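Shown below: target.tsv, with TSV, C-alpha atoms.
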```
chain	number	residue	atom	x	y	z
A	21	MET	CA	-27.05	15.31	-6.32
A	22	ILE	CA	-25.75	12.13	-4.75
A	23	MET	CA	-22.02	11.92	-4.17
A	24	LYS	CA	-20.69	8.38	-4.37
A	25	ILE	CA	-17.89	7.43	-2.03
A	26	LEU	CA	-15.80	4.33	-2.50
A	27	TYR	CA	-13.41	2.40	-0.24
A	28	VAL	CA	-11.24	-0.07	-2.14
A	29	SER	CA	-8.96	-1.92	0.25
A	30	TYR	CA	-8.79	-5.10	2.22
A	31	PHE	CA	-10.49	-4.87	5.64
A	32	ARG	CA	-7.30	-4.89	7.68
A	33	THR	CA	-6.48	-2.66	10.61
A	34	ILE	CA	-3.63	-1.00	8.71
A	35	LYS	CA	-6.10	0.12	6.03
A	36	GLY	CA	-8.33	1.81	8.61
A	37	PRO	CA	-11.79	1.01	7.19
A	38	GLU	CA	-13.44	1.69	10.58
A	39	THR	CA	-12.24	5.32	10.34
A	40	LEU	CA	-14.42	5.82	7.26
A	41	VAL	CA	-17.37	4.08	8.94
A	42	LYS	CA	-16.99	6.40	11.93
A	43	ALA	CA	-16.60	9.45	9.66
A	44	MET	CA	-19.97	8.71	8.06
A	45	GLN	CA	-21.78	9.39	11.35
A	46	TYR	CA	-20.96	13.11	10.87
A	47	LEU	CA	-22.34	13.16	7.33
A	48	LYS	CA	-25.82	11.73	7.82
A	49	ASP	CA	-27.51	14.91	6.59
A	50	LEU	CA	-25.68	14.85	3.24
A	51	ASP	CA	-26.77	13.00	0.13
A	52	ILE	CA	-23.91	10.52	0.10
A	53	GLU	CA	-23.81	6.90	-1.00
A	54	THR	CA	-20.93	4.91	0.49
A	55	THR	CA	-19.68	1.60	-0.82
A	56	MET	CA	-16.92	-0.40	0.79
A	57	LEU	CA	-15.43	-3.14	-1.35
A	58	SER	CA	-13.52	-6.25	-0.42
A	59	THR	CA	-13.33	-8.44	2.62
A	60	GLY	CA	-10.99	-9.11	5.52
A	61	PRO	CA	-10.63	-9.87	9.22
A	62	ILE	CA	-12.36	-6.69	10.45
A	63	LEU	CA	-15.22	-6.61	7.94
A	64	ASP	CA	-17.78	-8.00	10.41
A	65	MET	CA	-16.69	-5.53	13.04
A	66	CYS	CA	-17.13	-2.66	10.53
A	67	LYS	CA	-20.63	-3.90	9.67
A	68	ARG	CA	-21.57	-3.97	13.37
A	69	LEU	CA	-20.08	-0.51	13.83
A	70	ALA	CA	-22.12	0.87	10.91
A	71	LYS	CA	-25.27	-0.60	12.43
A	72	LYS	CA	-24.43	0.80	15.84
A	73	LEU	CA	-23.78	4.28	14.45
A	74	ASP	CA	-26.83	4.02	12.19
A	75	VAL	CA	-24.93	4.83	9.00
A	76	LYS	CA	-25.86	3.37	5.64
A	77	ILE	CA	-22.95	1.68	3.93
A	78	ASN	CA	-23.01	-0.85	1.15
A	79	PHE	CA	-20.54	-3.60	2.10
A	80	THR	CA	-20.07	-5.66	-1.05
A	81	GLY	CA	-17.57	-8.25	0.10
A	82	PHE	CA	-15.14	-9.57	-2.48
A	83	VAL	CA	-15.72	-8.30	-6.04
A	84	ASP	CA	-14.21	-9.50	-9.30
A	85	GLU	CA	-12.22	-7.17	-11.54
A	86	LYS	CA	-15.12	-6.36	-13.84
A	87	THR	CA	-17.28	-5.30	-10.90
A	88	LEU	CA	-14.37	-3.38	-9.40
A	89	SER	CA	-14.03	-1.39	-12.63
A	90	LYS	CA	-17.74	-0.62	-12.53
A	91	TYR	CA	-17.47	0.74	-8.98
A	92	TYR	CA	-14.40	2.76	-9.89
A	93	SER	CA	-16.16	4.34	-12.86
A	94	GLU	CA	-19.28	5.21	-10.87
A	95	ALA	CA	-17.50	6.66	-7.83
A	96	ASP	CA	-17.02	10.38	-7.27
A	97	VAL	CA	-14.57	10.17	-4.41
A	98	ILE	CA	-12.25	7.38	-3.31
A	99	VAL	CA	-11.20	7.38	0.34
A	100	PHE	CA	-8.04	5.83	1.78
A	101	PRO	CA	-8.35	6.19	5.55
A	102	TYR	CA	-4.77	5.13	6.31
A	103	GLY	CA	-3.24	5.58	2.91
A	104	SER	CA	-2.56	2.85	0.44
A	105	GLY	CA	0.06	2.39	-2.21
A	106	VAL	CA	-1.06	0.39	-5.17
A	107	THR	CA	-4.76	1.15	-4.93
A	108	LEU	CA	-4.05	4.84	-4.46
A	109	VAL	CA	-2.34	4.92	-7.85
A	110	GLU	CA	-5.21	2.87	-9.34
A	111	ALA	CA	-7.69	5.41	-8.02
A	112	MET	CA	-5.62	8.19	-9.58
A	113	MET	CA	-5.66	6.27	-12.87
A	114	ALA	CA	-9.43	5.99	-12.62
A	115	GLY	CA	-9.56	9.80	-12.65
A	116	LYS	CA	-11.36	10.20	-9.34
A	117	ALA	CA	-11.05	12.66	-6.50
A	118	ILE	CA	-9.02	11.11	-3.72
A	119	ILE	CA	-8.97	11.60	0.02
A	120	THR	CA	-6.05	9.91	1.69
A	121	TYR	CA	-4.30	9.81	5.02
A	122	ASP	CA	-0.84	11.36	5.13
A	123	ARG	CA	1.26	8.23	4.79
A	124	SER	CA	4.51	8.09	2.88
A	125	TRP	CA	2.86	6.61	-0.20
A	126	ALA	CA	0.30	9.37	-0.27
A	127	ARG	CA	2.95	12.05	0.04
A	128	GLY	CA	5.09	10.35	-2.55
A	129	PHE	CA	2.38	10.32	-5.18
A	130	SER	CA	-0.11	13.03	-4.26
A	131	THR	CA	0.05	16.75	-3.65
A	132	HIS	CA	-2.46	18.16	-1.17
A	133	MET	CA	-5.24	20.15	-2.86
A	134	LYS	CA	-3.68	19.63	-6.28
A	135	ASP	CA	-4.47	16.01	-7.05
A	136	ALA	CA	-5.83	14.75	-3.70
A	137	ILE	CA	-6.94	15.87	-0.29
A	138	ILE	CA	-4.39	14.65	2.21
A	139	VAL	CA	-5.77	14.25	5.72
A	140	TYR	CA	-3.11	14.82	8.36
A	141	GLU	CA	-4.89	13.27	11.33
A	142	ARG	CA	-6.11	9.70	11.59
A	143	GLU	CA	-9.41	10.94	12.95
A	144	PRO	CA	-12.92	10.21	11.64
A	145	ARG	CA	-13.86	13.89	12.08
A	146	ALA	CA	-10.94	14.98	9.86
A	147	PHE	CA	-12.06	12.57	7.13
A	148	ALA	CA	-15.65	13.76	7.47
A	149	ASP	CA	-14.47	17.36	6.97
A	150	ALA	CA	-12.55	16.39	3.84
A	151	ILE	CA	-15.58	14.54	2.43
A	152	LYS	CA	-17.78	17.52	3.23
A	153	LYS	CA	-15.38	19.83	1.42
A	154	LEU	CA	-15.66	17.77	-1.75
A	155	TYR	CA	-19.41	17.38	-1.36
A	156	TYR	CA	-19.94	21.14	-1.48
A	157	ASP	CA	-17.24	21.87	-4.04
A	158	GLU	CA	-17.85	19.92	-7.21
A	159	SER	CA	-15.31	21.96	-9.15
A	160	LEU	CA	-12.56	21.01	-6.67
A	161	ARG	CA	-13.61	17.39	-7.05
A	162	LYS	CA	-13.22	17.61	-10.81
A	163	THR	CA	-9.89	19.45	-10.61
A	164	LEU	CA	-8.37	16.91	-8.21
A	165	ALA	CA	-9.57	14.03	-10.38
A	166	LYS	CA	-8.25	15.59	-13.59
A	167	ASN	CA	-4.85	16.39	-12.08
A	168	ALA	CA	-4.52	12.90	-10.57
A	169	LEU	CA	-5.21	11.29	-13.93
A	170	GLU	CA	-2.71	13.58	-15.67
A	171	LYS	CA	-0.05	12.71	-13.10
A	172	THR	CA	-0.43	8.95	-13.60
A	173	LYS	CA	-0.07	9.32	-17.37
A	174	LYS	CA	3.53	10.34	-16.75
A	175	MET	CA	4.21	7.33	-14.51
A	176	LYS	CA	5.76	4.64	-16.70
A	177	TRP	CA	7.05	1.22	-15.68
A	178	LYS	CA	10.08	1.17	-17.98
A	179	PRO	CA	12.17	3.72	-16.05
A	180	VAL	CA	11.15	1.92	-12.85
A	181	ALA	CA	12.47	-1.36	-14.29
A	182	ASP	CA	15.72	0.47	-15.20
A	183	GLN	CA	16.00	1.61	-11.59
A	184	VAL	CA	15.39	-1.92	-10.32
A	185	GLY	CA	18.24	-3.09	-12.56
A	186	GLU	CA	20.47	-0.34	-11.15
A	187	SER	CA	19.63	-1.43	-7.62
A	188	PHE	CA	20.66	-5.02	-8.49
A	189	GLU	CA	23.99	-3.78	-9.85
A	190	LEU	CA	24.53	-1.58	-6.80
A	191	ALA	CA	23.90	-4.53	-4.46
A	192	ILE	CA	26.36	-6.70	-6.42
A	193	LYS	CA	29.01	-3.95	-6.35
A	194	ARG	CA	28.55	-3.51	-2.61
A	195	LYS	CA	29.17	-7.21	-2.09
A	196	GLY	CA	32.30	-6.90	-4.25
A	197	GLY	CA	30.92	-9.01	-7.11
A	198	ASN	CA	31.07	-8.64	-10.86
A	199	ILE	CA	28.06	-7.65	-12.90
A	200	VAL	CA	26.91	-10.27	-15.38
A	201	LYS	CA	24.69	-8.81	-18.10
B	30	MET	CA	22.02	-12.00	-14.53
B	31	LYS	CA	20.28	-14.61	-12.39
B	32	VAL	CA	17.73	-13.09	-10.02
B	33	ALA	CA	15.89	-14.83	-7.17
B	34	ILE	CA	12.67	-13.07	-6.23
B	35	VAL	CA	11.20	-13.91	-2.84
B	36	SER	CA	7.50	-13.32	-3.17
B	37	GLU	CA	3.99	-14.49	-2.15
B	38	ALA	CA	3.98	-17.70	-4.12
B	39	MET	CA	6.34	-19.53	-6.40
B	40	HIS	CA	6.25	-18.25	-10.00
B	41	LYS	CA	3.95	-15.42	-9.02
B	42	PRO	CA	4.77	-11.73	-8.62
B	43	PRO	CA	3.73	-10.09	-5.35
B	44	ALA	CA	0.64	-8.14	-6.42
B	45	LYS	CA	-1.26	-7.78	-9.66
B	46	SER	CA	-0.57	-4.08	-10.03
B	47	PHE	CA	3.14	-4.90	-10.11
B	48	TYR	CA	2.78	-7.43	-12.94
B	49	PRO	CA	3.97	-5.01	-15.64
B	50	LEU	CA	7.13	-4.28	-13.64
B	51	PHE	CA	7.81	-7.96	-13.01
B	52	LYS	CA	7.16	-8.79	-16.66
B	53	LEU	CA	9.84	-6.25	-17.63
B	54	ILE	CA	12.24	-7.70	-15.06
B	55	GLU	CA	11.54	-11.22	-16.36
B	56	GLN	CA	12.33	-10.05	-19.92
B	57	ARG	CA	15.65	-8.60	-18.82
B	58	TYR	CA	16.92	-11.16	-16.33
B	59	ASP	CA	16.84	-14.87	-15.61
B	60	VAL	CA	14.20	-14.78	-12.85
B	61	THR	CA	13.13	-17.50	-10.42
B	62	TYR	CA	10.45	-16.93	-7.77
B	63	PHE	CA	10.66	-18.36	-4.25
B	64	PRO	CA	8.02	-18.13	-1.53
B	65	ASP	CA	10.58	-18.64	1.23
B	66	ALA	CA	13.94	-16.87	1.53
B	67	LYS	CA	15.52	-19.71	3.48
B	68	ASN	CA	14.80	-22.30	0.80
B	69	ILE	CA	16.39	-20.58	-2.17
B	70	VAL	CA	17.82	-23.31	-4.35
B	71	GLY	CA	20.60	-22.59	-6.83
B	72	GLU	CA	23.17	-19.89	-7.45
B	73	PHE	CA	22.00	-16.36	-8.05
B	74	ASP	CA	23.67	-13.04	-8.73
B	75	VAL	CA	21.16	-11.16	-6.63
B	76	ILE	CA	18.23	-11.88	-4.30
B	77	TRP	CA	15.28	-9.47	-4.33
B	78	ILE	CA	13.11	-9.77	-1.24
B	79	HIS	CA	9.70	-8.19	-1.49
B	80	SER	CA	8.27	-7.10	1.90
B	81	ILE	CA	9.01	-8.77	5.22
B	82	ARG	CA	7.33	-11.89	6.55
B	83	LYS	CA	8.40	-14.56	8.95
B	84	ASN	CA	9.86	-16.63	6.11
B	85	ARG	CA	11.54	-13.72	4.37
B	86	TYR	CA	14.49	-12.99	6.59
B	87	ILE	CA	17.85	-14.05	5.26
B	88	ARG	CA	21.55	-13.37	5.62
B	89	SER	CA	23.44	-14.36	2.54
B	90	LYS	CA	26.74	-14.04	0.70
B	91	THR	CA	24.62	-13.30	-2.36
B	92	PRO	CA	23.81	-9.58	-2.74
B	93	ILE	CA	20.38	-8.74	-1.33
B	94	VAL	CA	17.94	-6.05	-2.41
B	95	PHE	CA	15.20	-5.65	0.16
B	96	MET	CA	11.99	-3.80	-0.51
B	97	PRO	CA	10.21	-3.22	2.83
B	98	HIS	CA	6.93	-2.40	1.04
B	99	GLY	CA	5.18	-1.30	4.18
B	100	ASN	CA	6.39	-0.19	7.53
B	101	MET	CA	6.11	-2.52	10.47
B	102	ILE	CA	6.59	0.19	13.10
B	103	PHE	CA	3.61	2.04	11.61
B	104	ASN	CA	1.62	-1.20	11.41
B	105	LEU	CA	2.38	-2.03	15.03
B	106	LYS	CA	1.26	1.41	16.18
B	107	THR	CA	-1.88	1.17	14.04
B	108	GLU	CA	-2.76	-2.22	15.52
B	109	LYS	CA	-2.25	-0.86	19.04
B	110	ASP	CA	-4.43	2.20	18.34
B	111	PHE	CA	-7.09	-0.01	16.77
B	112	ILE	CA	-7.32	-2.23	19.85
B	113	LYS	CA	-7.37	0.83	22.14
B	114	ASN	CA	-10.12	2.58	20.15
B	115	ASN	CA	-12.32	-0.36	19.21
B	116	TRP	CA	-12.09	-3.01	21.90
B	117	LYS	CA	-15.67	-2.33	22.95
B	118	ILE	CA	-17.02	-3.20	19.50
B	119	LEU	CA	-14.88	-6.29	19.03
B	120	LYS	CA	-16.10	-9.75	19.89
B	121	LEU	CA	-13.81	-11.68	22.22
B	122	LYS	CA	-12.59	-13.90	19.38
B	123	GLU	CA	-11.79	-10.83	17.26
B	124	LEU	CA	-10.03	-9.11	20.15
B	125	VAL	CA	-7.85	-12.16	20.73
B	126	ARG	CA	-6.96	-12.19	17.03
B	127	ARG	CA	-6.06	-8.49	17.08
B	128	ILE	CA	-3.85	-8.98	20.13
B	129	GLY	CA	-2.25	-11.89	18.27
B	130	ALA	CA	-1.68	-9.60	15.28
B	131	TYR	CA	-0.12	-7.01	17.58
B	132	PHE	CA	2.43	-9.55	18.84
B	133	LYS	CA	3.06	-10.69	15.28
B	134	TYR	CA	3.92	-7.10	14.35
B	135	ILE	CA	6.36	-6.88	17.29
B	136	GLN	CA	8.14	-9.84	15.74
B	137	LEU	CA	7.95	-8.31	12.25
B	138	VAL	CA	9.39	-4.99	13.47
B	139	ARG	CA	12.46	-6.93	14.68
B	140	LEU	CA	12.67	-8.95	11.47
B	141	GLU	CA	12.32	-5.83	9.34
B	142	LYS	CA	15.16	-4.18	11.25
B	143	LYS	CA	17.36	-7.26	10.83
B	144	MET	CA	16.57	-7.33	7.12
B	145	LEU	CA	17.34	-3.61	6.77
B	146	ASP	CA	20.70	-4.36	8.40
B	147	SER	CA	21.56	-7.34	6.25
B	148	ALA	CA	20.38	-5.99	2.89
B	149	ASP	CA	22.90	-4.38	0.57
B	150	VAL	CA	20.23	-2.13	-0.93
B	151	VAL	CA	16.91	-1.09	0.57
B	152	MET	CA	14.49	-0.34	-2.24
B	153	CYS	CA	11.62	2.13	-1.84
B	154	TYR	CA	8.90	3.25	-4.24
B	155	CYS	CA	9.17	6.89	-3.23
B	156	GLN	CA	11.49	9.23	-1.36
B	157	ASP	CA	8.94	9.87	1.40
B	158	ASN	CA	8.87	6.16	2.11
B	159	ALA	CA	12.68	6.08	2.28
B	160	ASP	CA	12.68	9.16	4.55
B	161	ILE	CA	10.43	7.40	7.05
B	162	PHE	CA	12.82	4.46	7.29
B	163	ILE	CA	15.80	6.83	7.55
B	164	LYS	CA	14.11	8.60	10.45
B	165	GLN	CA	13.10	5.37	12.19
B	166	HIS	CA	16.50	3.72	11.78
B	167	PRO	CA	19.20	6.40	12.03
B	168	ASP	CA	21.88	3.71	12.45
B	169	ILE	CA	21.34	2.45	8.90
B	170	PRO	CA	23.37	4.44	6.34
B	171	LYS	CA	21.21	6.69	4.16
B	172	GLU	CA	23.15	5.48	1.12
B	173	LYS	CA	21.53	2.09	1.47
B	174	TYR	CA	18.16	3.42	0.33
B	175	PHE	CA	17.35	3.39	-3.35
B	176	VAL	CA	14.18	4.96	-4.77
B	177	ILE	CA	12.74	3.32	-7.89
B	178	GLY	CA	9.47	5.21	-8.43
B	179	TYR	CA	6.18	3.71	-9.56
B	180	GLY	CA	4.46	3.11	-12.87
B	181	CYS	CA	0.92	2.74	-14.18
B	182	ASP	CA	-0.51	0.06	-16.37
B	183	TYR	CA	-3.28	1.49	-18.55
B	184	GLU	CA	-3.51	-1.55	-20.78
B	185	ASN	CA	-4.76	-3.71	-17.93
B	186	PHE	CA	-6.72	-1.05	-16.16
B	187	VAL	CA	-10.06	-0.36	-17.74
B	188	CYS	CA	-12.80	1.48	-15.98
```
Could I get this structure in the form of structure tokens?
Amino acid sequence: MIMKILYVSYFRTIKGPETLVKAMQYLKDLDIETTMLSTGPILDMCKRLAKKLDVKINFTGFVDEKTLSKYYSEADVIVFPYGSGVTLVEAMMAGKAIITYDRSWARGFSTHMKDAIIVYEREPRAFADAIKKLYYDESLRKTLAKNALEKTKKMKWKPVADQVGESFELAIKRKGGNIVK
Amino acid sequence: MKVAIVSEAMHKPPAKSFYPLFKLIEQRYDVTYFPDAKNIVGEFDVIWIHSIRKNRYIRSKTPIVFMPHGNMIFNLKTEKDFIKNNWKILKLKELVRRIGAYFKYIQLVRLEKKMLDSADVVMCYCQDNADIFIKQHPDIPKEKYFVIGYGCDYENFVC
């Protein structure tokens, strides 16, 4: 059965898309379909790299929200080569298995082997190993996805807004001001 | 309470996923958005600066909440590693751009540090994020960091 991998981030160096492209060279013998969404300054370089390494990747360029939702729903695994904040939570909401680099955001929102696979080295080989793990273990894939979705259901914006308000008040107090409600 | 938010564009929250949070903040406070910290017009009770850019450094008598929303030291290192590992694949024009980005990050690392110094509160979405800044900048008091958490918006996320 084909496993569909998705990359959903801007093509910037800090997002590490080339790491996923390089990882795919170690997975040529597996039935994997990789799609990389969005655009950015290193998109062309990633396309050239994929050609050079002879790996098949579907580079879509910019997609609208409707198309993005379609890709999210069809994906089996979503990969964040250097970790990503907002999109990581979106991927969790989509109820998909996640592979992410060990950045602060990832650690803050994901637990290794419970609701994501956290990769501790920024190395293509390490990402390839994580992808391989999920390829051969469909039940792990489902468990990670289910747990990620459950976790996001508990994440509400209202208490976050309360905290933002508290931070405003704290800043005012520190400057010696009075709080105006 | 009058709140000035320094963000990507005037009247626009920083990223779509944050809209629900900003909507809640707009309901609770008198909010005005500014793209540039140095051109804030009017009196405010607090200034909330979202991520660091060239135009987002400010020292002010008004209380400042700064959300780094990223980590420029990490970004600088990533850019350096990228150039080191991929220079052979890059076209000359791309390489020049990446080197330019590397120097931009050097500048942003300095700006971020200055902003961490001048802010009254440094806001982070999670404790791990705060811990990284604490480790990188041991001279900044730990008490300055304030973790707000993160929410999800199911209503606007359909897939």
- Query: Hey, what's within 10 Å of Phe188 in chain A if we count all atoms listed in the file and toss same-chain stuff fewer than 2 positions away? As a list in words, please?
  - Reply: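 Skipping anything fewer than 2 positions along the chain leaves Asp182, Gln183, Val184, Gly185, Glu186, Leu190, Ala191, Ile192, Lys193, Arg194 and Ile199 of chain A; Met30, Val32, Asp74, Val75, Ile76, Trp77, Pro92, Ile93, Val94, Asp149, Val150 and Met152 of chain B.
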- Message: Ranking A:Phe129, A:Tyr121, A:Phe79, A:Tyr140 by minimum distance to chain B and counting all atoms listed in the file, which one comes first?
- Response: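 Selected residue with least distance to chain B: A:Phe129.
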Write out as a PDB file with C-alpha atoms, in the coordinates of the input which residues come within 7 Å of Phe175 in chain B when counting all atoms listed in the file, dropping same-chain ones fewer than 2 positions away.
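So selection.pdb came out as:
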```
ATOM      1  CA  SER A 187      19.630  -1.430  -7.620  1.00  0.00           C
TER       2      SER A 187
ATOM      3  CA  VAL B 150      20.230  -2.130  -0.930  1.00  0.00           C
ATOM      4  CA  VAL B 151      16.910  -1.090   0.570  1.00  0.00           C
ATOM      5  CA  MET B 152      14.490  -0.340  -2.240  1.00  0.00           C
ATOM      6  CA  CYS B 153      11.620   2.130  -1.840  1.00  0.00           C
ATOM      7  CA  LYS B 173      21.530   2.090   1.470  1.00  0.00           C
ATOM      8  CA  ILE B 177      12.740   3.320  -7.890  1.00  0.00           C
TER       9      ILE B 177
END
```
- Query: What lies within 12 Å of range 160-172 of chain A using all atoms listed in the file, ignoring chain neighbours under 6 positions off, as JSON, numbers by chain?
  - Reply: {"A": [23, 24, 25, 93, 95, 96, 97, 98, 108, 109, 110, 111, 112, 113, 114, 115, 116, 117, 118, 119, 126, 128, 129, 130, 131, 132, 133, 134, 135, 136, 137, 138, 150, 151, 152, 153, 154], "B": [178, 179, 180, 181, 182, 183]}
- To one decimal in Å, tell me the separation between CA of Lys52 in chain B and CA of Phe73 in chain B.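 According to the coordinates, CA of Lys52 in chain B and CA of Phe73 in chain B are separated by 18.8 Å.
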- Message: Set the distance at 12 Å and use only C-alpha atoms: which residues neighbour Leu145 in chain B once local chain neighbours fewer than 2 positions away are removed? I'd like the list as a PyMOL selection string.
- Response: chain B and resi 78+80-81+85-88+93-98+100-101+137-143+147-153+159+162-163+165-171+173-174
- Query: Which residue gives the smallest distance to Cys66 in chain A among B:Ala33, B:Cys155, B:Leu119, B:Val125, with all atoms listed in the file counted?
  - Reply: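 When distances to Cys66 in chain A are compared using all atoms listed in the file, the smallest one comes from B:Leu119.
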- Item | Radius query 8 Å about (-17.3, -8.4, 2.6), atoms used: only C-alpha atoms, as a list in words |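 So the residues meeting the distance criterion are Leu57, Ser58, Thr59, Gly60, Leu63, Asp64, Phe79, Thr80, Gly81 and Phe82 of chain A.
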- Task: For CA of Val99 in chain A and CA of Thr120 in chain A, quote the distance in Å rounded to one decimal.
- Result: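 Value for the CA of Val99 in chain A-CA of Thr120 in chain A distance: 5.9 Å.
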- Item | Spatial neighbours of Glu108 in chain B, 8 Å, only C-alpha atoms, chain gap at least 4 places, as an MDAnalysis selection string | (chainID A and resid 33:34) or (chainID B and resid 104 112 127 130:131)
Restricting it to C-alpha atoms, dump the selection as a PDB file, in the frame of the given file.
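Below is the file that was written, result.pdb:
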```pdb
ATOM      1  CA  THR A  33      -6.480  -2.660  10.610  1.00  0.00           C
ATOM      2  CA  ILE A  34      -3.630  -1.000   8.710  1.00  0.00           C
TER       3      ILE A  34
ATOM      4  CA  ASN B 104       1.620  -1.200  11.410  1.00  0.00           C
ATOM      5  CA  ILE B 112      -7.320  -2.230  19.850  1.00  0.00           C
ATOM      6  CA  ARG B 127      -6.060  -8.490  17.080  1.00  0.00           C
ATOM      7  CA  ALA B 130      -1.680  -9.600  15.280  1.00  0.00           C
ATOM      8  CA  TYR B 131      -0.120  -7.010  17.580  1.00  0.00           C
TER       9      TYR B 131
END
```
- Message: What does the structure give for the distance between CA of Lys67 in chain A and CA of Glu53 in chain A, in Å to one decimal?
- Response: 15.5 Å
- Message: So, with all atoms listed in the file as the atoms that count, which of A:Lys71, A:Lys76, A:Lys178, A:Arg145 lies closest to Lys48 in chain A?
- Response: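 Under the stated criterion, the closest residue is A:Lys76.
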- Item | Among listed residues A:Phe100, A:Val83, A:Tyr155, A:Lys72, nearest chain B (using all atoms listed in the file) |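 Looking at the shortest contact to chain B, the residue is A:Lys72.
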